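J.: protein_13.cif is reproduced below (mmCIF, C-alpha atoms).
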```
data_coords
#
loop_
_atom_site.label_atom_id
_atom_site.label_comp_id
_atom_site.auth_asym_id
_atom_site.auth_seq_id
_atom_site.Cartn_x
_atom_site.Cartn_y
_atom_site.Cartn_z
CA MET C 1 132.57 -18.53 99.83
CA ASP C 2 131.15 -15.63 97.84
CA GLU C 3 131.77 -12.46 99.87
CA ARG C 4 131.53 -10.02 97.01
CA HIS C 5 129.38 -6.94 97.58
CA TYR C 6 126.47 -6.39 95.20
CA GLN C 7 125.69 -2.69 94.87
CA LEU C 8 122.46 -1.45 93.29
CA ARG C 9 123.08 1.29 90.78
CA GLU C 10 121.96 4.58 92.29
CA ASP C 11 120.41 5.93 89.11
CA LEU C 12 117.57 3.41 88.74
CA ALA C 13 113.89 4.28 89.03
CA TRP C 14 111.99 1.62 90.94
CA ARG C 15 108.61 1.30 92.61
CA GLU C 16 106.74 -1.32 94.62
CA PHE C 17 103.50 -2.19 92.91
CA GLU C 18 101.10 -4.82 94.21
CA ASP C 19 103.19 -7.99 94.64
CA ARG C 20 105.90 -6.78 92.24
CA LEU C 21 108.86 -4.50 92.27
CA LEU C 22 109.18 -2.58 89.01
CA VAL C 23 112.48 -1.16 87.78
CA VAL C 24 113.28 1.16 84.89
CA ASP C 25 116.92 1.23 83.83
CA SER C 26 117.61 4.90 83.14
CA GLY C 27 120.62 3.95 81.04
CA ASN C 28 118.67 2.16 78.34
CA GLY C 29 114.96 2.55 79.20
CA GLN C 30 114.54 -1.20 79.83
CA PHE C 31 111.81 -2.30 82.19
CA HIS C 32 112.12 -5.11 84.74
CA SER C 33 109.35 -6.67 86.82
CA LEU C 34 110.57 -8.56 89.91
CA THR C 35 108.53 -11.21 91.71
CA GLU C 36 107.97 -11.31 95.48
CA VAL C 37 111.29 -13.06 96.21
CA GLY C 38 113.19 -10.92 93.70
CA GLY C 39 111.66 -7.80 95.25
CA PHE C 40 112.67 -9.01 98.72
CA ILE C 41 116.30 -9.49 97.63
CA TRP C 42 116.22 -6.07 95.92
CA ARG C 43 115.08 -4.39 99.15
CA GLN C 44 117.81 -6.23 101.09
CA LEU C 45 120.41 -4.87 98.67
CA HIS C 46 118.89 -1.39 98.95
CA GLU C 47 119.10 -1.58 102.76
CA GLY C 48 122.78 -2.55 102.60
CA ASN C 49 122.54 -6.31 103.11
CA ASN C 50 124.54 -6.84 99.96
CA THR C 51 126.58 -10.02 100.32
CA HIS C 52 125.54 -13.44 99.06
CA SER C 53 125.65 -14.95 102.57
CA GLY C 54 123.65 -12.02 103.98
CA ILE C 55 120.98 -12.45 101.30
CA VAL C 56 120.77 -16.22 101.92
CA SER C 57 120.38 -15.65 105.68
CA ALA C 58 117.60 -13.14 105.08
CA LEU C 59 115.80 -15.53 102.72
CA LEU C 60 115.96 -18.31 105.34
CA VAL C 61 114.40 -15.98 107.94
CA GLU C 62 111.70 -14.57 105.64
CA PHE C 63 110.65 -17.66 103.70
CA GLU C 64 110.15 -21.29 104.61
CA VAL C 65 112.82 -22.61 102.30
CA GLU C 66 115.67 -25.12 102.40
CA ALA C 67 119.16 -23.66 102.66
CA ASP C 68 120.30 -25.20 99.35
CA LEU C 69 117.33 -23.69 97.53
CA ALA C 70 117.88 -20.29 99.13
CA ARG C 71 121.53 -20.37 98.03
CA SER C 72 120.72 -21.38 94.46
CA ASP C 73 117.92 -18.76 94.23
CA ALA C 74 120.26 -16.06 95.52
CA ASP C 75 123.00 -17.21 93.11
CA ALA C 76 120.71 -17.11 90.10
CA PHE C 77 119.03 -13.81 90.95
CA LEU C 78 122.20 -11.91 91.82
CA GLN C 79 123.89 -13.18 88.67
CA ARG C 80 120.87 -12.06 86.63
CA LEU C 81 121.07 -8.57 88.14
CA VAL C 82 124.76 -8.45 87.25
CA ASP C 83 124.11 -9.71 83.71
CA VAL C 84 121.51 -7.01 82.96
CA GLY C 85 123.66 -4.35 84.57
CA LEU C 86 121.42 -3.33 87.44
CA VAL C 87 124.05 -4.05 90.11
CA ARG C 88 127.78 -3.62 90.30
CA VAL C 89 130.01 -6.20 91.98
CA GLU C 90 132.70 -4.91 94.31
CA MET E 1 103.11 29.48 50.10
CA GLY E 2 103.10 29.69 53.86
CA THR E 3 103.09 32.03 56.82
CA SER E 4 105.90 33.65 58.77
CA GLN E 5 103.56 34.45 61.68
CA ASP E 6 103.95 32.70 65.03
CA LEU E 7 101.91 29.53 65.26
CA ARG E 8 100.27 28.18 68.38
CA LEU E 9 99.99 24.38 68.55
CA GLU E 10 98.06 22.69 71.33
CA LEU E 11 98.63 19.02 72.13
CA GLY E 12 96.30 18.00 74.93
CA PRO E 13 97.85 19.41 78.10
CA LEU E 14 100.86 20.72 76.17
CA SER E 15 100.77 23.97 74.28
CA CYS E 16 103.53 24.99 71.90
CA SER E 17 104.30 28.37 70.43
CA ILE E 18 106.24 28.02 67.18
CA ARG E 19 108.23 31.01 65.87
CA PRO E 20 109.61 30.48 62.39
CA ALA E 21 112.74 32.35 61.32
CA GLY E 22 113.70 32.33 57.67
CA LEU E 23 111.46 29.42 56.86
CA PRO E 24 107.74 30.16 56.37
CA ILE E 25 105.45 27.55 57.91
CA PRO E 26 103.68 25.61 55.11
CA GLU E 27 99.90 26.02 54.89
CA THR E 28 99.38 22.28 55.34
CA PHE E 29 101.28 22.34 58.65
CA VAL E 30 99.33 25.42 59.80
CA HIS E 31 96.10 23.64 58.97
CA GLU E 32 97.07 20.51 60.90
CA ALA E 33 98.42 22.45 63.89
CA GLN E 34 95.52 24.88 64.19
CA SER E 35 93.03 22.06 64.17
CA PHE E 36 94.54 21.15 67.57
CA ASP E 37 93.31 24.16 69.46
CA ARG E 38 93.77 23.63 73.12
CA PRO E 39 97.44 24.84 77.71
CA VAL E 40 102.03 25.92 77.04
CA ASP E 41 104.95 25.47 78.00
CA LEU E 42 107.09 24.72 75.02
CA SER E 43 108.29 27.80 73.17
CA ILE E 44 109.82 26.74 69.86
CA HIS E 45 112.10 28.86 67.71
CA VAL E 46 112.63 27.29 64.31
CA THR E 47 115.50 28.41 62.11
CA HIS E 48 116.02 27.45 58.50
CA ASP E 49 119.48 26.08 57.91
CA PRO E 50 119.97 24.41 54.52
CA ALA E 51 123.18 22.82 55.81
CA PHE E 52 121.10 20.19 57.58
CA ARG E 53 120.20 17.44 55.17
CA GLY E 54 119.26 13.76 55.29
CA ALA E 55 116.35 11.58 56.21
CA PRO E 56 115.88 11.69 59.98
CA LEU E 57 113.95 8.42 60.16
CA PHE E 58 116.83 6.50 58.66
CA GLU E 59 119.77 8.40 60.01
CA PRO E 60 121.27 8.22 63.49
CA MET E 61 120.05 10.71 66.07
CA ARG E 62 122.41 11.50 68.94
CA VAL E 63 120.83 12.68 72.21
CA ASN E 64 122.90 14.46 74.87
CA SER E 65 122.07 16.22 78.10
CA ASP E 66 124.05 18.13 80.72
CA GLY E 67 121.08 18.14 83.08
CA GLN E 68 120.17 21.73 82.14
CA SER E 69 119.34 21.15 78.49
CA VAL E 70 118.75 18.31 76.08
CA THR E 71 120.24 18.36 72.59
CA ILE E 72 119.54 16.20 69.58
CA VAL E 73 121.97 16.17 66.71
CA ALA E 74 120.88 14.44 63.49
CA PRO E 75 121.85 14.84 59.86
CA ALA E 76 118.58 16.65 59.12
CA PHE E 77 118.27 18.87 62.17
CA HIS E 78 119.79 20.15 65.37
CA ALA E 79 117.59 20.92 68.40
CA THR E 80 118.29 22.17 71.92
CA HIS E 81 115.70 22.20 74.70
CA ASN E 82 116.38 24.37 77.75
CA LEU E 83 114.75 22.44 80.60
CA ALA E 84 114.52 25.46 82.91
CA ASN E 85 112.52 27.75 80.65
CA SER E 86 111.04 25.20 78.22
CA LYS E 87 112.48 26.98 75.21
CA LEU E 88 113.27 24.75 72.28
CA ALA E 89 115.52 25.94 69.46
CA ILE E 90 115.40 23.89 66.27
CA GLN E 91 117.49 24.25 63.15
CA ILE E 92 116.12 22.33 60.18
CA SER E 93 116.43 22.34 56.44
CA ALA E 94 112.77 21.53 55.74
CA TRP E 95 109.48 21.46 57.64
CA GLU E 96 109.05 17.74 57.01
CA HIS E 97 111.62 17.17 59.79
CA LEU E 98 109.75 19.19 62.41
CA LYS E 99 107.21 16.59 63.46
CA LEU E 100 109.85 14.03 64.42
CA THR E 101 111.74 16.64 66.45
CA LEU E 102 108.56 17.94 68.01
CA ARG E 103 107.38 14.44 68.90
CA PHE E 104 110.61 13.70 70.80
CA PHE E 105 110.47 16.92 72.84
CA ALA E 106 106.70 16.78 73.37
CA ALA E 107 107.12 13.25 74.80
CA LEU E 108 109.94 14.46 77.08
CA THR E 109 108.06 17.57 78.29
CA LEU E 110 104.84 15.65 78.82
CA ALA E 111 106.58 12.78 80.68
CA ARG E 112 108.14 15.19 83.21
CA ARG E 113 104.64 16.43 84.03
CA GLY E 114 103.01 13.03 84.40
CA TYR E 115 101.60 12.58 80.91
CA LEU E 116 102.55 9.85 78.46
CA LEU E 117 102.74 9.91 74.70
CA VAL E 118 101.72 6.34 73.92
CA HIS E 119 102.30 4.49 70.63
CA SER E 120 98.62 3.79 70.07
CA ALA E 121 95.49 4.36 68.08
CA GLY E 122 92.98 6.37 70.12
CA LEU E 123 89.34 5.64 69.29
CA LEU E 124 86.11 7.06 70.70
CA ARG E 125 83.10 4.89 71.55
CA ASN E 126 80.04 6.34 73.26
CA GLY E 127 82.05 9.40 74.25
CA ARG E 128 84.84 7.47 75.94
CA ALA E 129 88.37 6.88 74.70
CA TYR E 130 89.97 3.50 74.13
CA LEU E 131 93.64 3.05 73.32
CA PHE E 132 94.84 0.25 71.08
CA ILE E 133 98.53 0.02 71.80
CA GLY E 134 101.38 -1.60 69.94
CA PRO E 135 104.52 -1.11 67.91
CA SER E 136 104.54 -0.40 64.18
CA GLY E 137 102.82 -3.25 62.32
CA ALA E 138 100.66 -4.34 65.26
CA GLY E 139 97.46 -3.12 63.58
CA LYS E 140 96.78 0.41 64.86
CA THR E 141 95.94 1.78 61.43
CA THR E 142 93.79 -1.28 60.60
CA LEU E 143 91.77 -0.88 63.81
CA SER E 144 91.38 2.84 63.10
CA GLU E 145 90.04 2.11 59.62
CA LEU E 146 87.64 -0.55 60.92
CA SER E 147 86.34 1.88 63.56
CA ASP E 148 86.18 4.83 61.21
CA ALA E 149 84.01 2.75 58.88
CA THR E 150 81.55 2.03 61.70
CA GLY E 151 81.19 5.65 62.76
CA HIS E 152 83.67 5.80 65.63
CA GLU E 153 85.69 8.98 65.90
CA VAL E 154 89.45 8.55 65.64
CA LEU E 155 91.53 10.58 68.11
CA GLY E 156 94.73 9.53 66.42
CA THR E 157 96.08 6.57 64.49
CA ASP E 158 99.62 6.41 65.86
CA ALA E 159 100.22 8.42 69.05
CA THR E 160 97.88 9.41 71.88
CA ILE E 161 98.55 11.47 75.02
CA VAL E 162 97.26 10.04 78.32
CA GLY E 163 97.21 11.59 81.77
CA PHE E 164 94.90 12.74 84.55
CA ARG E 165 92.63 15.76 84.86
CA GLY E 166 90.58 16.24 88.04
CA GLY E 167 91.48 12.70 89.09
CA HIS E 168 90.09 11.18 85.90
CA PRO E 169 92.21 9.45 83.25
CA ILE E 170 92.02 11.35 79.94
CA ALA E 171 93.27 10.60 76.43
CA TRP E 172 93.97 13.31 73.85
CA GLY E 173 94.54 12.92 70.14
CA THR E 174 97.69 14.15 68.46
CA PHE E 175 98.71 14.87 64.90
CA PHE E 176 101.81 12.65 65.20
CA SER E 177 100.44 10.34 62.57
CA SER E 178 100.91 9.55 58.95
CA GLU E 179 97.27 10.48 58.47
CA PRO E 180 96.72 13.75 60.35
CA ASP E 181 93.45 14.42 58.56
CA ARG E 182 91.92 11.48 60.39
CA SER E 183 93.06 12.67 63.82
CA SER E 184 91.06 14.73 66.28
CA PRO E 185 92.21 17.20 68.92
CA ARG E 186 89.53 16.09 71.35
CA GLY E 187 90.19 14.80 74.82
CA ALA E 188 87.92 12.17 76.38
CA GLU E 189 87.80 10.07 79.50
CA LEU E 190 89.99 7.02 79.05
CA ALA E 191 88.04 3.79 79.45
CA GLY E 192 90.45 1.09 78.31
CA CYS E 193 93.98 0.24 77.18
CA TYR E 194 94.39 -2.76 74.92
CA PHE E 195 97.70 -4.17 73.75
CA ILE E 196 97.00 -5.46 70.26
CA LYS E 197 98.09 -8.15 67.87
CA GLN E 198 96.47 -9.56 64.73
CA ALA E 199 95.30 -13.19 64.88
CA ALA E 200 92.96 -15.64 63.10
CA ARG E 201 90.52 -15.56 66.01
CA ALA E 202 89.56 -12.48 67.99
CA HIS E 203 89.91 -12.77 71.75
CA LEU E 204 90.63 -10.63 74.76
CA VAL E 205 92.70 -11.59 77.80
CA ALA E 206 92.66 -9.43 80.93
CA LEU E 207 96.16 -8.53 82.11
CA PRO E 208 97.39 -8.35 85.71
CA ALA E 209 98.18 -4.77 86.67
CA HIS E 210 101.97 -5.23 86.72
CA ALA E 211 101.90 -6.61 83.18
CA SER E 212 99.83 -3.60 82.07
CA VAL E 213 102.42 -1.27 83.62
CA SER E 214 105.16 -3.11 81.76
CA GLN E 215 103.32 -2.88 78.44
CA LEU E 216 102.46 0.79 78.90
CA GLN E 217 106.03 1.67 79.78
CA ARG E 218 107.39 -0.25 76.79
CA ASN E 219 105.00 1.51 74.41
CA THR E 220 105.63 5.02 75.68
CA LEU E 221 107.22 7.07 72.92
CA LEU E 222 110.15 8.31 74.96
CA MET E 223 113.88 7.77 74.62
CA LEU E 224 115.80 7.79 77.89
CA ASP E 225 119.15 7.01 76.26
CA GLY E 226 121.47 9.99 76.25
CA LEU E 227 119.47 12.05 78.72
CA GLY E 228 122.05 11.55 81.47
CA ARG E 229 121.49 9.22 84.39
CA ASP E 230 119.92 11.70 86.83
CA LEU E 231 117.43 13.15 84.36
CA ALA E 232 116.64 9.70 82.93
CA ALA E 233 116.06 8.29 86.44
CA GLU E 234 113.80 11.24 87.34
CA ILE E 235 111.74 10.86 84.19
CA GLY E 236 111.76 7.04 84.41
CA GLY E 237 110.25 7.31 87.91
CA VAL E 238 107.52 9.71 86.82
CA VAL E 239 106.69 7.47 83.85
CA LEU E 240 106.44 4.43 86.15
CA ASP E 241 104.13 6.36 88.51
CA THR E 242 101.90 7.41 85.61
CA CYS E 243 101.75 3.87 84.18
CA MET E 244 100.85 2.47 87.62
CA ARG E 245 98.12 5.08 88.08
CA ILE E 246 96.61 4.35 84.68
CA SER E 247 96.63 0.59 85.27
CA ARG E 248 94.69 1.13 88.53
CA HIS E 249 92.01 3.29 86.90
CA VAL E 250 91.51 1.74 83.49
CA ALA E 251 90.63 -1.70 82.14
CA CYS E 252 93.67 -3.23 80.44
CA GLY E 253 93.97 -6.34 78.32
CA GLU E 254 95.69 -8.11 75.49
CA LEU E 255 93.49 -7.99 72.39
CA SER E 256 93.89 -10.30 69.43
CA PHE E 257 91.76 -9.14 66.48
CA ASN E 258 91.01 -10.45 63.02
CA ARG E 259 90.27 -7.45 60.80
CA SER E 260 86.63 -7.30 61.85
CA PRO E 261 84.90 -4.59 63.91
CA SER E 262 83.70 -7.40 66.20
CA PHE E 263 86.60 -6.53 68.51
CA TRP E 264 84.34 -3.84 69.99
CA ARG E 265 82.05 -6.57 71.35
CA LEU E 266 85.02 -8.09 73.20
CA VAL E 267 85.94 -4.68 74.59
CA ASP E 268 82.35 -3.96 75.66
CA ASN E 269 82.07 -7.33 77.40
CA GLY E 270 85.61 -7.31 78.75
#
```
For the structure just supplied, provide its representation as structure tokens.
T.:
Amino acid sequence: MDERHYQLREDLAWREFEDRLLVVDSGNGQFHSLTEVGGFIWRQLHEGNNTHSGIVSALLVEFEVEADLARSDADAFLQRLVDVGLVRVE
Amino acid sequence: MGTSQDLRLELGPLSCSIRPAGLPIPETFVHEAQSFDRPVDLSIHVTHDPAFRGAPLFEPMRVNSDGQSVTIVAPAFHATHNLANSKLAIQISAWEHLKLTLRFFAALTLARRGYLLVHSAGLLRNGRAYLFIGPSGAGKTTLSELSDATGHEVLGTDATIVGFRGGHPIAWGTFFSSEPDRSSPRGAELAGCYFIKQAARAHLVALPAHASVSQLQRNTLLMLDGLGRDLAAEIGGVVLDTCMRISRHVACGELSFNRSPSFWRLVDNG
């Protein structure tokens, strides 16, 4: 079971805009546009719900989605955030 | 020939006072700068130092910040901007290097105040400004030439300042261009932002607001690298806010054009 903690970097500029969440990486100037589900996971991380299981539980409450799909969406999105350097894993 | 007098340079909402020391300002630069007569906050002290050599466009620039000042070190110049008092000290070997230095610090100073220096051609049509935005090679100069030939005034062929005055979006021309003689200091209400590419068939696609924000942010002439995380995050947030505000007030689209002034019809109907 993945119980790592995913921490948003504290030096990112981000705003909610219409149905998106927009992020500018202050380290390299790169821009990221997150969809509704991505923005939801981002806000969960920001509020301290930062484990994989916590994110999956929140997705199941917020969206009408099967557990397997919620897990795979959380897996893919968290890994993407790690890959582009927007979150640290602890 | 040149002048050793202080020179005042106005760039839309940004006004610069340039004090040369040991390096007279060339007449051509005075002519270009004084044609942009408009409020400052950037006090520039330029010192001639022949030790700085090299071609800044092709040599590495290193940007550093301790949160109080921003410094650029390049083979052709050395510049330090005090963020508290907006004083900028530049050491260069030749005036040809000043525009690049000035463009970097103008973009930084403007961004902190909610204005963007956008990589764009700024064109006037019926008294309103339209930005045609894209990286080098996208067609900004071509569109400027097509518009110039049909009697449209060119605000600038390569970089335009955008921001808000009295709640209205405004675009101002700059002389950050390879063809400063074809640029105008005027400011005009901003009516549209179009992200351009050349294609066999001209067409215009409206963009959702978040995509416009993304495109605007990507085409803002501002380097965040090296500024330090706190300063970069502060400026990144202000830039995002400005891009979002522009996308809410101004028509935005992706414009493919085919070297014909017919693109104006698409813009008018868009």
J.: Identify all chain E residues at most 8 Å from chain C by counting all atoms listed in the file; ligands do not count. Present them as a list in words.
T.: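 Residues passing the distance filter: His210, Ser214, Gln217, Arg218, Met223, Leu224, Asp225, Gly226, Gly228, Arg229, Asp230, Ala232, Ala233, Glu234, Gly236, Gly237, Leu240, Asp241 and Met244 of chain E.
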J.: Suppose a student applies the PyMOL selection byres ((chain C and resi 51-59) around 8) to this structure; what residues should they get, written as a ChimeraX atom specification?
T.: /C:2-6,41,44,49-50,60-63,65,67,70-71,74-75
J.: Compare E:Leu131, E:Ser15, E:Gly156, E:Asn126 by their minimum atom-to-atom distance to Ser86 (chain E), counting all atoms listed in the file, and give me the closest one.
T.: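 Among E:Leu131, E:Ser15, E:Gly156, E:Asn126, it is E:Ser15 that comes nearest to Ser86 (chain E).
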J.: Written as a ChimeraX atom specification, what is the full residue list that the PyMOL selection byres ((chain E and resi 119) around 7) yields on the file shown?
T.: /E:117-118,120,133-135,158-160,219-221
J.: When you look at Val87 (chain C) with a cut-off of 7 Å (counting only C-alpha atoms), what residues show up, excluding the ones that are within fewer than 2 positions of it in the same chain? I need them as a PDB file with C-alpha atoms, in the frame of the given file.
T.:
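around-v1.pdb, written as the output of this step:
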```pdb
ATOM      1  CA  TYR C   6     126.470  -6.390  95.200  1.00  0.00           C
ATOM      2  CA  GLN C   7     125.690  -2.690  94.870  1.00  0.00           C
ATOM      3  CA  LEU C   8     122.460  -1.450  93.290  1.00  0.00           C
ATOM      4  CA  ARG C   9     123.080   1.290  90.780  1.00  0.00           C
ATOM      5  CA  LEU C  81     121.070  -8.570  88.140  1.00  0.00           C
ATOM      6  CA  VAL C  82     124.760  -8.450  87.250  1.00  0.00           C
ATOM      7  CA  GLY C  85     123.660  -4.350  84.570  1.00  0.00           C
ATOM      8  CA  VAL C  89     130.010  -6.200  91.980  1.00  0.00           C
TER       9      VAL C  89
END
```
